Amino acid sequence: MSARVDVHVEEAGDQGPLLLCLHGIGSSSAAFAPQLAELSSCVRVVAWDAPGYAKSPDPAEPLTLDDFADTAAALIRERATTAHVLGVSWGGVIALRLAARHPELVASLIVADSSPGSGTDEAKARGMRARAAELAELGPRAFAESRGPRLVSPGAPETLVHRVVETMATSVRLPGYGYAAESMAAADLRAELPSIAAPTLVLCGEQDQVTGVEASQAIAGAIHKTAFVIVKDAGHLANQEQPGHFNAWVLSHLRITASIPE
């Protein structure tokens, strides 16, 4: 990556440690509305629109997983000496690479509904690479309508399904989505997970049909200091579907790792 990559962020809270939130591949900072609203009384919450997503400008050149991680690292350096990093799905893969590449910047990790990358499985990698062409063919709105509903549990309220689809439709576009999909397709973090020293909370929606519970277990099992939590009555977007339970787990993790007061 030859130049600094500019990104748009949403911020809330003016006290406590920094919590950097990295969204999934079909989303934006809007995914973290419940965290921006509820956690900002204890921590400074910063949620990005990844490069080439939503309000962030399109990157001048293709970005790799390392580039996404380095861009997140630059956001931390601008605001603090360290951050607690919350990554959902693809954002979790970026967060894990960030912790491996820049361990001095990551005070702790919260990895939700994620995986060690799509590069662990040839069929998954192929499917991930096919998504850019699907987006080009369908356009953002139809693409979101076909993908969005499967990101939540069958019992999710219609209002949430609508919000997830709307967020995706207004966030994804080429070339950024294509770079993201390629970074995910090429990722296989299994060898580097054991080197991650940051205390890590791994969460997974009980009904996650996208990355699934086994992929979250693979992360939790490989990192030295981890806690693993199943979020009941939630699909792939546990932070949006069960924000009360999700935020309570994040807060308990931060009380231990950041000594934020009760």
# chains A, B, ... in the order shown; residues from 1 in each chain; ligands from 1
>>> closest_atom_pairs(of="region 8-85 of chain A", to="region 193-208 of chain A", cutoff="12 Å", atoms="only C-alpha atoms", output="JSON lines")
{"residue": "A:Thr82", "atom": "CA", "partner": "A:Ala198", "partner_atom": "CA", "distance": 11.3}
{"residue": "A:Ala83", "atom": "CA", "partner": "A:Ala198", "partner_atom": "CA", "distance": 10.8}
{"residue": "A:His84", "atom": "CA", "partner": "A:Ala198", "partner_atom": "CA", "distance": 9.3}
{"residue": "A:Val85", "atom": "CA", "partner": "A:Thr200", "partner_atom": "CA", "distance": 9.5}
>>> select_by_dssp(residues="region 37-236 of chain A", states="strand (DSSP E)", output="PDB file with all heavy atoms, in the first residue's frame")
ATOM      1  N   ARG A  44     -14.782   5.079  24.241  1.00  0.00           N
ATOM      2  CA  ARG A  44     -14.874   5.880  23.012  1.00  0.00           C
ATOM      3  C   ARG A  44     -15.039   4.908  21.843  1.00  0.00           C
ATOM      4  O   ARG A  44     -14.116   4.151  21.533  1.00  0.00           O
ATOM      5  CB  ARG A  44     -13.612   6.725  22.821  1.00  0.00           C
ATOM      6  CG  ARG A  44     -13.464   7.849  23.839  1.00  0.00           C
ATOM      7  CD  ARG A  44     -12.176   8.627  23.623  1.00  0.00           C
ATOM      8  NE  ARG A  44     -10.995   7.819  23.874  1.00  0.00           N
ATOM      9  CZ  ARG A  44      -9.860   7.892  23.165  1.00  0.00           C
ATOM     10  NH1 ARG A  44      -9.754   8.712  22.142  1.00  0.00           N
ATOM     11  NH2 ARG A  44      -8.831   7.140  23.489  1.00  0.00           N
ATOM     12  N   VAL A  45     -16.195   4.908  21.239  1.00  0.00           N
ATOM     13  CA  VAL A  45     -16.503   3.956  20.166  1.00  0.00           C
ATOM     14  C   VAL A  45     -16.240   4.625  18.815  1.00  0.00           C
ATOM     15  O   VAL A  45     -16.752   5.709  18.538  1.00  0.00           O
ATOM     16  CB  VAL A  45     -17.972   3.484  20.236  1.00  0.00           C
ATOM     17  CG1 VAL A  45     -18.215   2.367  19.218  1.00  0.00           C
ATOM     18  CG2 VAL A  45     -18.332   2.998  21.641  1.00  0.00           C
ATOM     19  N   VAL A  46     -15.439   3.966  17.992  1.00  0.00           N
ATOM     20  CA  VAL A  46     -15.170   4.421  16.629  1.00  0.00           C
ATOM     21  C   VAL A  46     -15.504   3.274  15.688  1.00  0.00           C
ATOM     22  O   VAL A  46     -14.956   2.175  15.823  1.00  0.00           O
ATOM     23  CB  VAL A  46     -13.688   4.828  16.455  1.00  0.00           C
ATOM     24  CG1 VAL A  46     -13.380   5.143  14.993  1.00  0.00           C
ATOM     25  CG2 VAL A  46     -13.354   6.026  17.331  1.00  0.00           C
ATOM     26  N   ALA A  47     -16.423   3.506  14.743  1.00  0.00           N
ATOM     27  CA  ALA A  47     -16.810   2.476  13.760  1.00  0.00           C
ATOM     28  C   ALA A  47     -16.479   3.002  12.364  1.00  0.00           C
ATOM     29  O   ALA A  47     -16.900   4.101  12.000  1.00  0.00           O
ATOM     30  CB  ALA A  47     -18.296   2.168  13.880  1.00  0.00           C
ATOM     31  N   TRP A  48     -15.723   2.231  11.603  1.00  0.00           N
ATOM     32  CA  TRP A  48     -15.349   2.712  10.263  1.00  0.00           C
ATOM     33  C   TRP A  48     -16.325   2.250   9.196  1.00  0.00           C
ATOM     34  O   TRP A  48     -17.066   1.280   9.364  1.00  0.00           O
ATOM     35  CB  TRP A  48     -13.927   2.286   9.916  1.00  0.00           C
ATOM     36  CG  TRP A  48     -13.694   0.843   9.457  1.00  0.00           C
ATOM     37  CD1 TRP A  48     -14.580  -0.207   9.434  1.00  0.00           C
ATOM     38  CD2 TRP A  48     -12.456   0.317   8.940  1.00  0.00           C
ATOM     39  NE1 TRP A  48     -13.972  -1.333   8.959  1.00  0.00           N
ATOM     40  CE2 TRP A  48     -12.671  -1.050   8.636  1.00  0.00           C
ATOM     41  CE3 TRP A  48     -11.197   0.864   8.710  1.00  0.00           C
ATOM     42  CZ2 TRP A  48     -11.660  -1.870   8.113  1.00  0.00           C
ATOM     43  CZ3 TRP A  48     -10.202   0.044   8.187  1.00  0.00           C
ATOM     44  CH2 TRP A  48     -10.427  -1.299   7.897  1.00  0.00           C
ATOM     45  N   ASP A  49     -16.333   3.001   8.081  1.00  0.00           N
ATOM     46  CA  ASP A  49     -16.767   2.481   6.795  1.00  0.00           C
ATOM     47  C   ASP A  49     -15.471   2.037   6.138  1.00  0.00           C
ATOM     48  O   ASP A  49     -14.587   2.871   5.881  1.00  0.00           O
ATOM     49  CB  ASP A  49     -17.427   3.566   5.933  1.00  0.00           C
ATOM     50  CG  ASP A  49     -18.770   4.038   6.476  1.00  0.00           C
ATOM     51  OD1 ASP A  49     -19.377   3.316   7.286  1.00  0.00           O
ATOM     52  OD2 ASP A  49     -19.202   5.145   6.093  1.00  0.00           O
ATOM     53  N   ALA A  83      -5.992   0.165  21.283  1.00  0.00           N
ATOM     54  CA  ALA A  83      -7.450   0.070  21.190  1.00  0.00           C
ATOM     55  C   ALA A  83      -7.889  -1.356  21.481  1.00  0.00           C
ATOM     56  O   ALA A  83      -7.136  -2.312  21.285  1.00  0.00           O
ATOM     57  CB  ALA A  83      -7.932   0.472  19.800  1.00  0.00           C
ATOM     58  N   HIS A  84      -9.103  -1.481  21.947  1.00  0.00           N
ATOM     59  CA  HIS A  84      -9.818  -2.751  21.976  1.00  0.00           C
ATOM     60  C   HIS A  84     -10.527  -2.830  20.632  1.00  0.00           C
ATOM     61  O   HIS A  84     -11.176  -1.860  20.216  1.00  0.00           O
ATOM     62  CB  HIS A  84     -10.787  -2.781  23.155  1.00  0.00           C
ATOM     63  CG  HIS A  84     -10.076  -2.591  24.466  1.00  0.00           C
ATOM     64  ND1 HIS A  84      -9.639  -3.641  25.239  1.00  0.00           N
ATOM     65  CD2 HIS A  84      -9.680  -1.454  25.097  1.00  0.00           C
ATOM     66  CE1 HIS A  84      -9.013  -3.160  26.307  1.00  0.00           C
ATOM     67  NE2 HIS A  84      -9.023  -1.841  26.249  1.00  0.00           N
ATOM     68  N   VAL A  85     -10.371  -3.933  19.922  1.00  0.00           N
ATOM     69  CA  VAL A  85     -10.861  -4.009  18.544  1.00  0.00           C
ATOM     70  C   VAL A  85     -11.976  -5.038  18.436  1.00  0.00           C
ATOM     71  O   VAL A  85     -11.785  -6.210  18.773  1.00  0.00           O
ATOM     72  CB  VAL A  85      -9.711  -4.350  17.564  1.00  0.00           C
ATOM     73  CG1 VAL A  85     -10.223  -4.329  16.127  1.00  0.00           C
ATOM     74  CG2 VAL A  85      -8.554  -3.360  17.729  1.00  0.00           C
ATOM     75  N   LEU A  86     -13.136  -4.572  17.976  1.00  0.00           N
ATOM     76  CA  LEU A  86     -14.320  -5.417  17.788  1.00  0.00           C
ATOM     77  C   LEU A  86     -14.529  -5.624  16.298  1.00  0.00           C
ATOM     78  O   LEU A  86     -14.754  -4.666  15.556  1.00  0.00           O
ATOM     79  CB  LEU A  86     -15.548  -4.741  18.412  1.00  0.00           C
ATOM     80  CG  LEU A  86     -16.948  -5.229  18.019  1.00  0.00           C
ATOM     81  CD1 LEU A  86     -17.123  -6.717  18.268  1.00  0.00           C
ATOM     82  CD2 LEU A  86     -18.022  -4.440  18.758  1.00  0.00           C
ATOM     83  N   GLY A  87     -14.404  -6.865  15.841  1.00  0.00           N
ATOM     84  CA  GLY A  87     -14.594  -7.170  14.430  1.00  0.00           C
ATOM     85  C   GLY A  87     -15.693  -8.191  14.235  1.00  0.00           C
ATOM     86  O   GLY A  87     -15.735  -9.216  14.916  1.00  0.00           O
ATOM     87  N   VAL A  88     -16.602  -7.900  13.308  1.00  0.00           N
ATOM     88  CA  VAL A  88     -17.698  -8.818  12.972  1.00  0.00           C
ATOM     89  C   VAL A  88     -17.414  -9.445  11.609  1.00  0.00           C
ATOM     90  O   VAL A  88     -17.159  -8.732  10.634  1.00  0.00           O
ATOM     91  CB  VAL A  88     -19.049  -8.062  12.945  1.00  0.00           C
ATOM     92  CG1 VAL A  88     -20.160  -8.949  12.387  1.00  0.00           C
ATOM     93  CG2 VAL A  88     -19.419  -7.563  14.335  1.00  0.00           C
ATOM     94  N   VAL A 106      -3.020  -3.383  19.901  1.00  0.00           N
ATOM     95  CA  VAL A 106      -4.275  -4.078  20.234  1.00  0.00           C
ATOM     96  C   VAL A 106      -4.275  -4.504  21.697  1.00  0.00           C
ATOM     97  O   VAL A 106      -3.570  -5.437  22.091  1.00  0.00           O
ATOM     98  CB  VAL A 106      -4.481  -5.295  19.302  1.00  0.00           C
ATOM     99  CG1 VAL A 106      -5.771  -6.032  19.655  1.00  0.00           C
ATOM    100  CG2 VAL A 106      -4.528  -4.831  17.836  1.00  0.00           C
ATOM    101  N   ALA A 107      -5.072  -3.793  22.507  1.00  0.00           N
ATOM    102  CA  ALA A 107      -5.172  -4.116  23.936  1.00  0.00           C
ATOM    103  C   ALA A 107      -5.972  -5.395  24.154  1.00  0.00           C
ATOM    104  O   ALA A 107      -5.673  -6.192  25.037  1.00  0.00           O
ATOM    105  CB  ALA A 107      -5.815  -2.961  24.692  1.00  0.00           C
ATOM    106  N   SER A 108      -7.026  -5.577  23.344  1.00  0.00           N
ATOM    107  CA  SER A 108      -7.801  -6.817  23.389  1.00  0.00           C
ATOM    108  C   SER A 108      -8.620  -6.930  22.108  1.00  0.00           C
ATOM    109  O   SER A 108      -8.742  -5.964  21.343  1.00  0.00           O
ATOM    110  CB  SER A 108      -8.720  -6.876  24.618  1.00  0.00           C
ATOM    111  OG  SER A 108      -9.930  -6.180  24.391  1.00  0.00           O
ATOM    112  N   LEU A 109      -9.172  -8.114  21.901  1.00  0.00           N
ATOM    113  CA  LEU A 109      -9.993  -8.388  20.711  1.00  0.00           C
ATOM    114  C   LEU A 109     -11.372  -8.879  21.122  1.00  0.00           C
ATOM    115  O   LEU A 109     -11.506  -9.627  22.096  1.00  0.00           O
ATOM    116  CB  LEU A 109      -9.351  -9.481  19.856  1.00  0.00           C
ATOM    117  CG  LEU A 109      -8.092  -9.158  19.046  1.00  0.00           C
ATOM    118  CD1 LEU A 109      -7.503 -10.452  18.491  1.00  0.00           C
ATOM    119  CD2 LEU A 109      -8.413  -8.194  17.913  1.00  0.00           C
ATOM    120  N   ILE A 110     -12.374  -8.461  20.357  1.00  0.00           N
ATOM    121  CA  ILE A 110     -13.711  -9.067  20.425  1.00  0.00           C
ATOM    122  C   ILE A 110     -14.029  -9.487  18.991  1.00  0.00           C
ATOM    123  O   ILE A 110     -14.124  -8.640  18.103  1.00  0.00           O
ATOM    124  CB  ILE A 110     -14.770  -8.078  20.950  1.00  0.00           C
ATOM    125  CG1 ILE A 110     -14.413  -7.587  22.353  1.00  0.00           C
ATOM    126  CG2 ILE A 110     -16.140  -8.737  20.964  1.00  0.00           C
ATOM    127  CD1 ILE A 110     -14.220  -6.105  22.440  1.00  0.00           C
ATOM    128  N   VAL A 111     -14.112 -10.785  18.760  1.00  0.00           N
ATOM    129  CA  VAL A 111     -14.285 -11.320  17.401  1.00  0.00           C
ATOM    130  C   VAL A 111     -15.640 -12.013  17.332  1.00  0.00           C
ATOM    131  O   VAL A 111     -15.869 -13.005  18.022  1.00  0.00           O
ATOM    132  CB  VAL A 111     -13.137 -12.293  17.054  1.00  0.00           C
ATOM    133  CG1 VAL A 111     -13.321 -12.855  15.654  1.00  0.00           C
ATOM    134  CG2 VAL A 111     -11.787 -11.592  17.159  1.00  0.00           C
ATOM    135  N   ALA A 112     -16.537 -11.471  16.509  1.00  0.00           N
ATOM    136  CA  ALA A 112     -17.922 -11.953  16.492  1.00  0.00           C
ATOM    137  C   ALA A 112     -18.278 -12.579  15.150  1.00  0.00           C
ATOM    138  O   ALA A 112     -18.041 -11.977  14.092  1.00  0.00           O
ATOM    139  CB  ALA A 112     -18.880 -10.795  16.797  1.00  0.00           C
ATOM    140  N   THR A 200      -8.833 -12.289  24.161  1.00  0.00           N
ATOM    141  CA  THR A 200      -9.828 -12.306  23.085  1.00  0.00           C
ATOM    142  C   THR A 200     -11.154 -12.883  23.563  1.00  0.00           C
ATOM    143  O   THR A 200     -11.187 -13.957  24.169  1.00  0.00           O
ATOM    144  CB  THR A 200      -9.295 -13.139  21.896  1.00  0.00           C
ATOM    145  OG1 THR A 200      -8.045 -12.585  21.454  1.00  0.00           O
ATOM    146  CG2 THR A 200     -10.273 -13.151  20.734  1.00  0.00           C
ATOM    147  N   LEU A 201     -12.227 -12.159  23.249  1.00  0.00           N
ATOM    148  CA  LEU A 201     -13.581 -12.673  23.443  1.00  0.00           C
ATOM    149  C   LEU A 201     -14.117 -13.068  22.080  1.00  0.00           C
ATOM    150  O   LEU A 201     -14.149 -12.249  21.157  1.00  0.00           O
ATOM    151  CB  LEU A 201     -14.476 -11.596  24.074  1.00  0.00           C
ATOM    152  CG  LEU A 201     -15.977 -11.915  24.147  1.00  0.00           C
ATOM    153  CD1 LEU A 201     -16.263 -13.106  25.053  1.00  0.00           C
ATOM    154  CD2 LEU A 201     -16.763 -10.686  24.629  1.00  0.00           C
ATOM    155  N   VAL A 202     -14.497 -14.333  21.915  1.00  0.00           N
ATOM    156  CA  VAL A 202     -15.084 -14.823  20.667  1.00  0.00           C
ATOM    157  C   VAL A 202     -16.567 -15.065  20.906  1.00  0.00           C
ATOM    158  O   VAL A 202     -16.940 -15.820  21.814  1.00  0.00           O
ATOM    159  CB  VAL A 202     -14.397 -16.121  20.191  1.00  0.00           C
ATOM    160  CG1 VAL A 202     -15.037 -16.632  18.902  1.00  0.00           C
ATOM    161  CG2 VAL A 202     -12.898 -15.900  19.990  1.00  0.00           C
ATOM    162  N   LEU A 203     -17.401 -14.401  20.106  1.00  0.00           N
ATOM    163  CA  LEU A 203     -18.858 -14.568  20.221  1.00  0.00           C
ATOM    164  C   LEU A 203     -19.404 -15.130  18.915  1.00  0.00           C
ATOM    165  O   LEU A 203     -18.876 -14.831  17.835  1.00  0.00           O
ATOM    166  CB  LEU A 203     -19.545 -13.226  20.482  1.00  0.00           C
ATOM    167  CG  LEU A 203     -19.148 -12.458  21.733  1.00  0.00           C
ATOM    168  CD1 LEU A 203     -18.641 -11.078  21.359  1.00  0.00           C
ATOM    169  CD2 LEU A 203     -20.337 -12.305  22.673  1.00  0.00           C
ATOM    170  N   CYS A 204     -20.472 -15.910  19.006  1.00  0.00           N
ATOM    171  CA  CYS A 204     -21.115 -16.417  17.792  1.00  0.00           C
ATOM    172  C   CYS A 204     -22.599 -16.590  18.026  1.00  0.00           C
ATOM    173  O   CYS A 204     -23.015 -17.148  19.045  1.00  0.00           O
ATOM    174  CB  CYS A 204     -20.492 -17.748  17.377  1.00  0.00           C
ATOM    175  SG  CYS A 204     -21.092 -18.314  15.761  1.00  0.00           S
ATOM    176  N   GLY A 205     -23.401 -16.105  17.097  1.00  0.00           N
ATOM    177  CA  GLY A 205     -24.842 -16.326  17.149  1.00  0.00           C
ATOM    178  C   GLY A 205     -25.140 -17.814  17.058  1.00  0.00           C
ATOM    179  O   GLY A 205     -24.559 -18.519  16.215  1.00  0.00           O
ATOM    180  N   THR A 226      -8.501 -16.816  25.568  1.00  0.00           N
ATOM    181  CA  THR A 226      -9.828 -16.565  24.985  1.00  0.00           C
ATOM    182  C   THR A 226     -10.964 -16.985  25.901  1.00  0.00           C
ATOM    183  O   THR A 226     -10.823 -17.887  26.729  1.00  0.00           O
ATOM    184  CB  THR A 226     -10.079 -17.354  23.678  1.00  0.00           C
ATOM    185  OG1 THR A 226      -9.880 -18.732  23.920  1.00  0.00           O
ATOM    186  CG2 THR A 226      -9.251 -16.920  22.539  1.00  0.00           C
ATOM    187  N   ALA A 227     -12.079 -16.310  25.694  1.00  0.00           N
ATOM    188  CA  ALA A 227     -13.368 -16.762  26.223  1.00  0.00           C
ATOM    189  C   ALA A 227     -14.287 -16.931  25.019  1.00  0.00           C
ATOM    190  O   ALA A 227     -14.189 -16.172  24.048  1.00  0.00           O
ATOM    191  CB  ALA A 227     -13.941 -15.728  27.190  1.00  0.00           C
ATOM    192  N   PHE A 228     -15.164 -17.938  25.057  1.00  0.00           N
ATOM    193  CA  PHE A 228     -16.040 -18.240  23.922  1.00  0.00           C
ATOM    194  C   PHE A 228     -17.489 -18.213  24.386  1.00  0.00           C
ATOM    195  O   PHE A 228     -17.830 -18.833  25.388  1.00  0.00           O
ATOM    196  CB  PHE A 228     -15.676 -19.620  23.348  1.00  0.00           C
ATOM    197  CG  PHE A 228     -16.548 -20.041  22.187  1.00  0.00           C
ATOM    198  CD1 PHE A 228     -16.557 -19.309  21.018  1.00  0.00           C
ATOM    199  CD2 PHE A 228     -17.354 -21.168  22.275  1.00  0.00           C
ATOM    200  CE1 PHE A 228     -17.350 -19.690  19.941  1.00  0.00           C
ATOM    201  CE2 PHE A 228     -18.148 -21.563  21.218  1.00  0.00           C
ATOM    202  CZ  PHE A 228     -18.142 -20.822  20.031  1.00  0.00           C
ATOM    203  N   VAL A 229     -18.316 -17.461  23.674  1.00  0.00           N
ATOM    204  CA  VAL A 229     -19.711 -17.265  24.077  1.00  0.00           C
ATOM    205  C   VAL A 229     -20.638 -17.515  22.885  1.00  0.00           C
ATOM    206  O   VAL A 229     -20.392 -17.011  21.782  1.00  0.00           O
ATOM    207  CB  VAL A 229     -19.933 -15.816  24.587  1.00  0.00           C
ATOM    208  CG1 VAL A 229     -21.408 -15.544  24.810  1.00  0.00           C
ATOM    209  CG2 VAL A 229     -19.151 -15.565  25.872  1.00  0.00           C
ATOM    210  N   ILE A 230     -21.683 -18.295  23.121  1.00  0.00           N
ATOM    211  CA  ILE A 230     -22.751 -18.465  22.137  1.00  0.00           C
ATOM    212  C   ILE A 230     -23.872 -17.474  22.482  1.00  0.00           C
ATOM    213  O   ILE A 230     -24.331 -17.432  23.623  1.00  0.00           O
ATOM    214  CB  ILE A 230     -23.324 -19.904  22.180  1.00  0.00           C
ATOM    215  CG1 ILE A 230     -22.263 -20.923  21.750  1.00  0.00           C
ATOM    216  CG2 ILE A 230     -24.570 -20.022  21.314  1.00  0.00           C
ATOM    217  CD1 ILE A 230     -22.003 -20.993  20.270  1.00  0.00           C
ATOM    218  N   VAL A 231     -24.287 -16.682  21.491  1.00  0.00           N
ATOM    219  CA  VAL A 231     -25.372 -15.715  21.701  1.00  0.00           C
ATOM    220  C   VAL A 231     -26.673 -16.354  21.238  1.00  0.00           C
ATOM    221  O   VAL A 231     -26.853 -16.640  20.046  1.00  0.00           O
ATOM    222  CB  VAL A 231     -25.108 -14.403  20.939  1.00  0.00           C
ATOM    223  CG1 VAL A 231     -26.214 -13.386  21.220  1.00  0.00           C
ATOM    224  CG2 VAL A 231     -23.746 -13.827  21.318  1.00  0.00           C
TER     225      VAL A 231
END
>>> closest_residue(among="A:Gly178, A:Gly235, A:Pro243, A:Pro103", to="Ala31 (chain A)", atoms="only C-alpha atoms")
A:Pro243
>>> select_by_dssp(residues="region 89-234 of chain A", states="helix (DSSP H, G or I)", output="ChimeraX atom specification")
/A:90-101,103-105,118-120,122-151,158-171,176-185,193-195,212-222
>>> residues_around(residues="Gln209 (chain A)", least_positions_apart="5", cutoff="9 Å", atoms="only C-alpha atoms", output="PDB file with all heavy atoms, in the first residue's frame")
ATOM      1  N   ARG A 150     -30.465 -13.766   4.959  1.00  0.00           N
ATOM      2  CA  ARG A 150     -29.817 -14.963   5.526  1.00  0.00           C
ATOM      3  C   ARG A 150     -28.796 -14.610   6.623  1.00  0.00           C
ATOM      4  O   ARG A 150     -28.227 -15.496   7.241  1.00  0.00           O
ATOM      5  CB  ARG A 150     -29.169 -15.787   4.415  1.00  0.00           C
ATOM      6  CG  ARG A 150     -27.968 -15.164   3.772  1.00  0.00           C
ATOM      7  CD  ARG A 150     -27.436 -15.994   2.615  1.00  0.00           C
ATOM      8  NE  ARG A 150     -28.147 -15.720   1.382  1.00  0.00           N
ATOM      9  CZ  ARG A 150     -27.717 -16.042   0.172  1.00  0.00           C
ATOM     10  NH1 ARG A 150     -26.588 -16.706   0.032  1.00  0.00           N
ATOM     11  NH2 ARG A 150     -28.396 -15.758  -0.914  1.00  0.00           N
ATOM     12  N   LEU A 151     -28.568 -13.314   6.831  1.00  0.00           N
ATOM     13  CA  LEU A 151     -27.591 -12.891   7.841  1.00  0.00           C
ATOM     14  C   LEU A 151     -28.167 -12.866   9.253  1.00  0.00           C
ATOM     15  O   LEU A 151     -27.430 -12.684  10.221  1.00  0.00           O
ATOM     16  CB  LEU A 151     -27.037 -11.501   7.500  1.00  0.00           C
ATOM     17  CG  LEU A 151     -26.319 -11.381   6.146  1.00  0.00           C
ATOM     18  CD1 LEU A 151     -25.831  -9.966   5.929  1.00  0.00           C
ATOM     19  CD2 LEU A 151     -25.158 -12.366   6.053  1.00  0.00           C
ATOM     20  N   VAL A 152     -29.482 -13.012   9.360  1.00  0.00           N
ATOM     21  CA  VAL A 152     -30.118 -13.019  10.679  1.00  0.00           C
ATOM     22  C   VAL A 152     -30.858 -14.342  10.859  1.00  0.00           C
ATOM     23  O   VAL A 152     -31.005 -15.114   9.918  1.00  0.00           O
ATOM     24  CB  VAL A 152     -31.088 -11.819  10.841  1.00  0.00           C
ATOM     25  CG1 VAL A 152     -30.305 -10.506  10.888  1.00  0.00           C
ATOM     26  CG2 VAL A 152     -32.116 -11.776   9.719  1.00  0.00           C
ATOM     27  N   SER A 153     -31.318 -14.600  12.078  1.00  0.00           N
ATOM     28  CA  SER A 153     -32.013 -15.866  12.345  1.00  0.00           C
ATOM     29  C   SER A 153     -33.401 -15.850  11.717  1.00  0.00           C
ATOM     30  O   SER A 153     -33.946 -14.780  11.428  1.00  0.00           O
ATOM     31  CB  SER A 153     -32.130 -16.089  13.855  1.00  0.00           C
ATOM     32  OG  SER A 153     -33.126 -15.240  14.393  1.00  0.00           O
ATOM     33  N   GLY A 235     -28.578 -14.873  14.651  1.00  0.00           N
ATOM     34  CA  GLY A 235     -27.906 -15.417  13.478  1.00  0.00           C
ATOM     35  C   GLY A 235     -26.509 -14.839  13.351  1.00  0.00           C
ATOM     36  O   GLY A 235     -25.822 -14.607  14.347  1.00  0.00           O
ATOM     37  N   HIS A 236     -26.105 -14.550  12.105  1.00  0.00           N
ATOM     38  CA  HIS A 236     -24.740 -14.108  11.822  1.00  0.00           C
ATOM     39  C   HIS A 236     -24.456 -12.709  12.379  1.00  0.00           C
ATOM     40  O   HIS A 236     -23.313 -12.397  12.695  1.00  0.00           O
ATOM     41  CB  HIS A 236     -24.527 -14.138  10.306  1.00  0.00           C
ATOM     42  CG  HIS A 236     -23.143 -13.831   9.861  1.00  0.00           C
ATOM     43  ND1 HIS A 236     -22.049 -14.568  10.252  1.00  0.00           N
ATOM     44  CD2 HIS A 236     -22.652 -12.852   9.039  1.00  0.00           C
ATOM     45  CE1 HIS A 236     -20.954 -14.073   9.688  1.00  0.00           C
ATOM     46  NE2 HIS A 236     -21.296 -13.023   8.960  1.00  0.00           N
TER      47      HIS A 236
END
>>> residues_around(residues="Leu75 (chain A)", least_positions_apart="2", cutoff="12 Å", atoms="only C-alpha atoms", output="count of residues only")
34
>>> closest_residue(among="A:Glu262, A:Ser28, A:Val213, A:Arg131", to="Glu166 (chain A)", atoms="only C-alpha atoms")
A:Ser28
>>> atom_distance(atom1="CA of His253 (chain A)", atom2="CA of Pro17 (chain A)")
12.8 Å
>>> atom_distance(atom1="CA of Ala180 (chain A)", atom2="CA of Arg97 (chain A)")
13.8 Å
>>> residues_around(residues="Ser89 (chain A)", least_positions_apart="3", cutoff="7 Å", atoms="only C-alpha atoms", output="list in words")
Gly24, Gly92, Val93, Ala112, Asp113, Ser114 and Ser115 of chain A
>>> write_last_selection(atoms="C-alpha atoms", output="JSON list (two decimals), in the first residue's frame")
[["chain", "number", "residue", "atom", "x", "y", "z"],
["A", 24, "GLY", "CA", -18.64, -7.33, 7.93],
["A", 92, "GLY", "CA", -13.07, -10.10, 12.66],
["A", 93, "VAL", "CA", -10.57, -11.45, 10.11],
["A", 112, "ALA", "CA", -17.92, -11.95, 16.49],
["A", 113, "ASP", "CA", -19.37, -14.45, 14.00],
["A", 114, "SER", "CA", -16.07, -14.71, 12.18],
["A", 115, "SER", "CA", -13.70, -17.35, 10.82]]
>>> residues_around(residues="Pro261 (chain A)", least_positions_apart="6", cutoff="12 Å", atoms="only C-alpha atoms", output="list in words")
Gln15, Gly16, Pro17, Ser41, Cys42, Val43, Leu251, Ser252, His253, Leu254 and Arg255 of chain A
